[in-house]
Amino acid sequence: MLEAPKVFEYLDSISYRLPIEEVPIDRACGRIMPGHAHSRIASPPFDKAAMDGYAVRAADRRSRYHVVATISAGDHPTGSLQDGECAAIMTGAMLPLGADKVIRREYTRREGDEVEITEPEPLENVIKAGENCRAGDPVLGPRVLRPQDIGVLASVGIAELEVARRSHAGIISTGSELRAPGDELGPGQIYNSNGYQITAQLQSYGCTTTNHGIVADDRDRLAEVVEIALRESDLVILSGGVSMGDFDFVPGVLSRCGVEIGFHRIAFKPGKPTLFGRKGDAFVFGLAGNPVSTFVLCEVLVRRLLLHISGVSGEPPAVRATLSEEVYRKSSDRLEFLPAVIENGMVRPLSYQGSAHINALSEANCLFALDAGVERLSKGMVLDVRPI
Ligand code: AMP
Ligand code: MG
């Protein structure tokens with residue numbers, strides 16, 4: 001059984017990286033950017049008004065000014081302000097030469113070409129050229145791109161950028177007891193939930209997917225589907241059939257298909273029978289069949305590997321929260337992940353009876369971990385939790 005830190009180390013030490021491709025920014029949301037994006041401009045590129053009002057020379061303090069121009073956003077003012085002069089200016093417009101302050105319109109009264117200052121303006125109300133960033137500054141580091149990141153990229157003039165090629169995942173659900181949702185269940189049968197859940201998880205990570213459906217516990221049939229999935233996928237995710245049962249054929253079949261097993265059985269709870277292997281540039285996970293286990297391991301290991309081979313390595317983002325109740329466990333030999341609800345800064349573990357209880361998961365919005373060796377977390381402790 002591989003200790004949990006070694007499992008992460010193993011995945012993080014893989015040197016393979018997905019090829020890079022260029023995409024326009026309106027196709028980049030959800031894509032994984034392995035490098036840094038650098039600003040093409042100083043932002044803002046010119047001194048600009050932060051308010052509607054009157055641009056003046058700050059040193060030229062007086063109670064009345066003569067209005068010599070009106071400058072709106074997008075104008076290029078060419079004249080320069082002299083003492084006693086001001087320019088009516090709109091938010092976002094470029095300051096005229098000489099001006100370094102904007103008196104907000106609410107503090108003025110206009111009469112023809114004269115403006116009277118009715119209240120002193122304490123602020124400059126100017127956004128200085130280069131205040132947000134200078135040309136060439138890094139604006140974003142490696143990440144999965146979100147809508148707000150796309151906005152930042154556009155604001156600094158980036159039209160296209162380098163992202164990791166989208167990876168393709170093939171999902172195989174093993175088990176002779178499984179039927180597809182929509183079919184009638186016979187005695188002893190259950191619906192295949194893992195196949196759909198894993199497919200949805202991989203899609204939410206930005207992968208394209210093929211759900212290869214259900215494969216009964218039959219070595220030859222399994223080998224056929226594994227061969228197909230290996231040929232067309234970067235990631236092959238199997239569920240079920242990796243434990244010690246008489247019909248747990250996954251490890252043997254993978255070896256027969258030329259998959260080199262990296263690890264099998266890990267000190268995780270849930271997920272002890274988890275298997276990881278590789279054939280060429282295709283990576284294979286065999287996840288235990290229990291749906292909670294499958295969900296957690298996909299989130300914790302498959303996602304980590306996907307990000308890693310896409311060029312974004314290391315610990316996933318966490319948020320801090322206070323534990324709402326004591327958590328106690330008798331056996332602490334494994335790293336354990338618990339589904340939980342985080343609300344108003346408090347994290348509440350969800351009761352789930354062992355790894356088959358899938359319903360708790362749909363209430364969960366985060367996972368938190370108990371490290372191996374930790375038996376108890378006390379109420380009020382501050383924890384790092386992982387949003388899901
Ligand atoms: P296994 O890992 O094959 O021994 O399966 C462990 C448990 O998970 C058994 O109760 C299986 O019936 C259940 N299981 C396996 N595969 C799936 C699946 N695709 N969807 C839902 N439950 C499953
Ligand atoms: Mg099975």
# chains A, B, ... in the order shown; residues from 1 in each chain; ligands from 1

$ residues_near_ligand --ligand "ligand 2" --cutoff "12 Å" --atoms "only C-alpha atoms and all ligand atoms" --output "compact mmCIF listing (two decimals) with C-alpha atoms, in the first residue's frame"
# COMPACT_ATOMS: atom_id res chain seq x y z
CA ILE A 172 -15.13 2.47 -18.73
CA SER A 173 -17.58 1.13 -16.13
CA THR A 174 -16.90 -2.47 -15.18
CA GLY A 175 -19.35 -4.78 -13.44
CA SER A 176 -21.80 -7.49 -14.53
CA GLU A 177 -24.40 -6.02 -12.13
CA LEU A 178 -24.59 -2.71 -14.02
CA GLN A 189 -28.70 -5.29 -10.80
CA ILE A 190 -27.99 -1.59 -10.18
CA ASN A 192 -24.29 2.54 -13.63
CA ASN A 194 -20.00 6.04 -11.95
CA ILE A 214 -20.65 -0.85 -19.24
CA VAL A 215 -18.31 -3.80 -19.62
CA ALA A 216 -19.34 -7.00 -17.83
CA ASP A 217 -16.76 -8.79 -15.70
CA ASP A 218 -15.26 -10.64 -18.67
CA LEU A 238 -12.05 2.62 -15.19
CA SER A 239 -14.39 2.12 -12.29
CA GLY A 240 -14.85 -1.13 -10.40
CA GLY A 241 -12.99 -4.39 -10.65
CA VAL A 242 -9.74 -3.30 -9.00
CA SER A 243 -10.21 -4.90 -5.57
CA MET A 244 -9.50 -8.41 -4.35
CA GLY A 245 -12.73 -10.12 -5.51
CA ASP A 246 -12.90 -13.17 -7.77
CA PHE A 247 -14.12 -11.01 -10.66
CA ASP A 248 -11.83 -8.03 -10.23
CA PHE A 249 -10.10 -8.39 -13.56
CA VAL A 250 -8.92 -4.84 -14.16
CA PRO A 273 -7.70 -0.36 -4.18
CA GLY A 286 -8.56 2.11 -12.03
CA LEU A 287 -10.90 3.46 -9.36
CA ALA A 288 -12.77 1.36 -6.83
CA GLY A 289 -16.43 0.96 -7.78
CA ASN A 290 -18.06 2.64 -4.80
CA PRO A 291 -19.48 5.89 -6.13

$ residues_around --residues "A:Val382" --least-positions-apart "3" --cutoff "12 Å" --atoms "only C-alpha atoms" --output "short mmCIF file (atom, residue, chain, number, x, y, z; two decimals) with C-alpha atoms, in the first residue's frame"
data_model
loop_
_atom_site.label_atom_id
_atom_site.label_comp_id
_atom_site.auth_asym_id
_atom_site.auth_seq_id
_atom_site.Cartn_x
_atom_site.Cartn_y
_atom_site.Cartn_z
CA VAL A 319 -10.16 27.88 1.46
CA ARG A 320 -9.95 28.14 5.24
CA ALA A 321 -12.94 27.26 7.38
CA THR A 322 -13.73 26.52 11.00
CA LEU A 323 -14.85 22.99 11.86
CA SER A 324 -18.42 23.02 13.26
CA GLU A 325 -18.17 19.75 15.20
CA GLU A 326 -15.62 17.24 16.39
CA GLY A 345 -16.94 30.16 7.10
CA MET A 346 -17.99 27.01 9.02
CA VAL A 347 -17.36 23.54 7.64
CA ARG A 348 -19.76 20.73 8.57
CA PHE A 368 -11.57 18.10 3.73
CA LEU A 377 -10.12 17.06 14.69
CA SER A 378 -11.64 19.20 17.39
CA LYS A 379 -14.59 21.53 17.07
CA VAL A 385 -10.96 22.69 2.64
#

$ atom_distance --atom1 "atom CA of A:Cys298" --atom2 "atom CA of A:Ile198"
7.2 Å

$ closest_residue --among "A:Lys101, A:Arg109, A:Lys272, A:Arg329" --to "ligand 1" --atoms "only C-alpha atoms and all ligand atoms"
A:Lys272

$ select_by_dssp --residues "stretch 164-369 of chain A" --states "alpha helix (DSSP H)" --output "ChimeraX atom specification"
/A:194-204,219-232,250-256,291-297,303-309,359-363

$ write_last_selection --atoms "C-alpha atoms" --output "PDB file, in the first residue's frame"
ATOM      1  CA  ASN A 194     -20.002   6.044 -11.952  1.00  0.00           C
ATOM      2  CA  GLY A 195     -19.667   6.139 -15.715  1.00  0.00           C
ATOM      3  CA  TYR A 196     -21.825   9.257 -15.948  1.00  0.00           C
ATOM      4  CA  GLN A 197     -20.397  10.878 -12.851  1.00  0.00           C
ATOM      5  CA  ILE A 198     -16.801  10.450 -14.016  1.00  0.00           C
ATOM      6  CA  THR A 199     -17.686  11.617 -17.516  1.00  0.00           C
ATOM      7  CA  ALA A 200     -19.247  14.750 -16.015  1.00  0.00           C
ATOM      8  CA  GLN A 201     -16.230  15.332 -13.765  1.00  0.00           C
ATOM      9  CA  LEU A 202     -13.786  15.065 -16.656  1.00  0.00           C
ATOM     10  CA  GLN A 203     -15.947  17.365 -18.775  1.00  0.00           C
ATOM     11  CA  SER A 204     -15.990  19.885 -15.934  1.00  0.00           C
ATOM     12  CA  ARG A 219     -11.529 -10.450 -19.366  1.00  0.00           C
ATOM     13  CA  ASP A 220     -11.663 -10.622 -23.148  1.00  0.00           C
ATOM     14  CA  ARG A 221     -14.430  -8.076 -23.556  1.00  0.00           C
ATOM     15  CA  LEU A 222     -12.697  -5.757 -21.079  1.00  0.00           C
ATOM     16  CA  ALA A 223      -9.388  -6.083 -22.949  1.00  0.00           C
ATOM     17  CA  GLU A 224     -11.099  -5.117 -26.223  1.00  0.00           C
ATOM     18  CA  VAL A 225     -12.588  -1.946 -24.756  1.00  0.00           C
ATOM     19  CA  VAL A 226      -9.377  -1.032 -22.908  1.00  0.00           C
ATOM     20  CA  GLU A 227      -7.408  -1.346 -26.182  1.00  0.00           C
ATOM     21  CA  ILE A 228      -9.793   1.028 -27.937  1.00  0.00           C
ATOM     22  CA  ALA A 229      -9.769   3.521 -25.064  1.00  0.00           C
ATOM     23  CA  LEU A 230      -5.953   3.460 -24.833  1.00  0.00           C
ATOM     24  CA  ARG A 231      -5.630   4.203 -28.536  1.00  0.00           C
ATOM     25  CA  GLU A 232      -7.861   7.249 -28.512  1.00  0.00           C
ATOM     26  CA  VAL A 250      -8.918  -4.837 -14.163  1.00  0.00           C
ATOM     27  CA  PRO A 251      -5.264  -5.114 -12.992  1.00  0.00           C
ATOM     28  CA  GLY A 252      -4.638  -8.328 -14.947  1.00  0.00           C
ATOM     29  CA  VAL A 253      -6.320  -7.060 -18.104  1.00  0.00           C
ATOM     30  CA  LEU A 254      -4.429  -3.756 -18.005  1.00  0.00           C
ATOM     31  CA  SER A 255      -1.111  -5.599 -17.748  1.00  0.00           C
ATOM     32  CA  ARG A 256      -2.140  -7.821 -20.632  1.00  0.00           C
ATOM     33  CA  PRO A 291     -19.478   5.892  -6.126  1.00  0.00           C
ATOM     34  CA  VAL A 292     -18.252   8.120  -3.289  1.00  0.00           C
ATOM     35  CA  SER A 293     -14.800   6.637  -3.634  1.00  0.00           C
ATOM     36  CA  THR A 294     -14.859   7.127  -7.390  1.00  0.00           C
ATOM     37  CA  PHE A 295     -15.904  10.747  -7.016  1.00  0.00           C
ATOM     38  CA  VAL A 296     -13.271  11.616  -4.428  1.00  0.00           C
ATOM     39  CA  LEU A 297     -10.423   9.856  -6.212  1.00  0.00           C
ATOM     40  CA  ARG A 303      -7.737  16.084 -11.707  1.00  0.00           C
ATOM     41  CA  ARG A 304      -4.288  16.578 -10.230  1.00  0.00           C
ATOM     42  CA  LEU A 305      -2.653  14.510 -12.969  1.00  0.00           C
ATOM     43  CA  LEU A 306      -4.634  16.257 -15.696  1.00  0.00           C
ATOM     44  CA  LEU A 307      -3.531  19.681 -14.433  1.00  0.00           C
ATOM     45  CA  HIS A 308       0.038  18.461 -14.023  1.00  0.00           C
ATOM     46  CA  ILE A 309       0.388  17.165 -17.584  1.00  0.00           C
ATOM     47  CA  ASN A 359     -26.496  11.039  -1.827  1.00  0.00           C
ATOM     48  CA  ALA A 360     -24.330  12.916   0.688  1.00  0.00           C
ATOM     49  CA  LEU A 361     -22.191  14.030  -2.224  1.00  0.00           C
ATOM     50  CA  SER A 362     -24.814  16.107  -3.890  1.00  0.00           C
ATOM     51  CA  GLU A 363     -25.202  18.150  -0.697  1.00  0.00           C
TER      52      GLU A 363
END
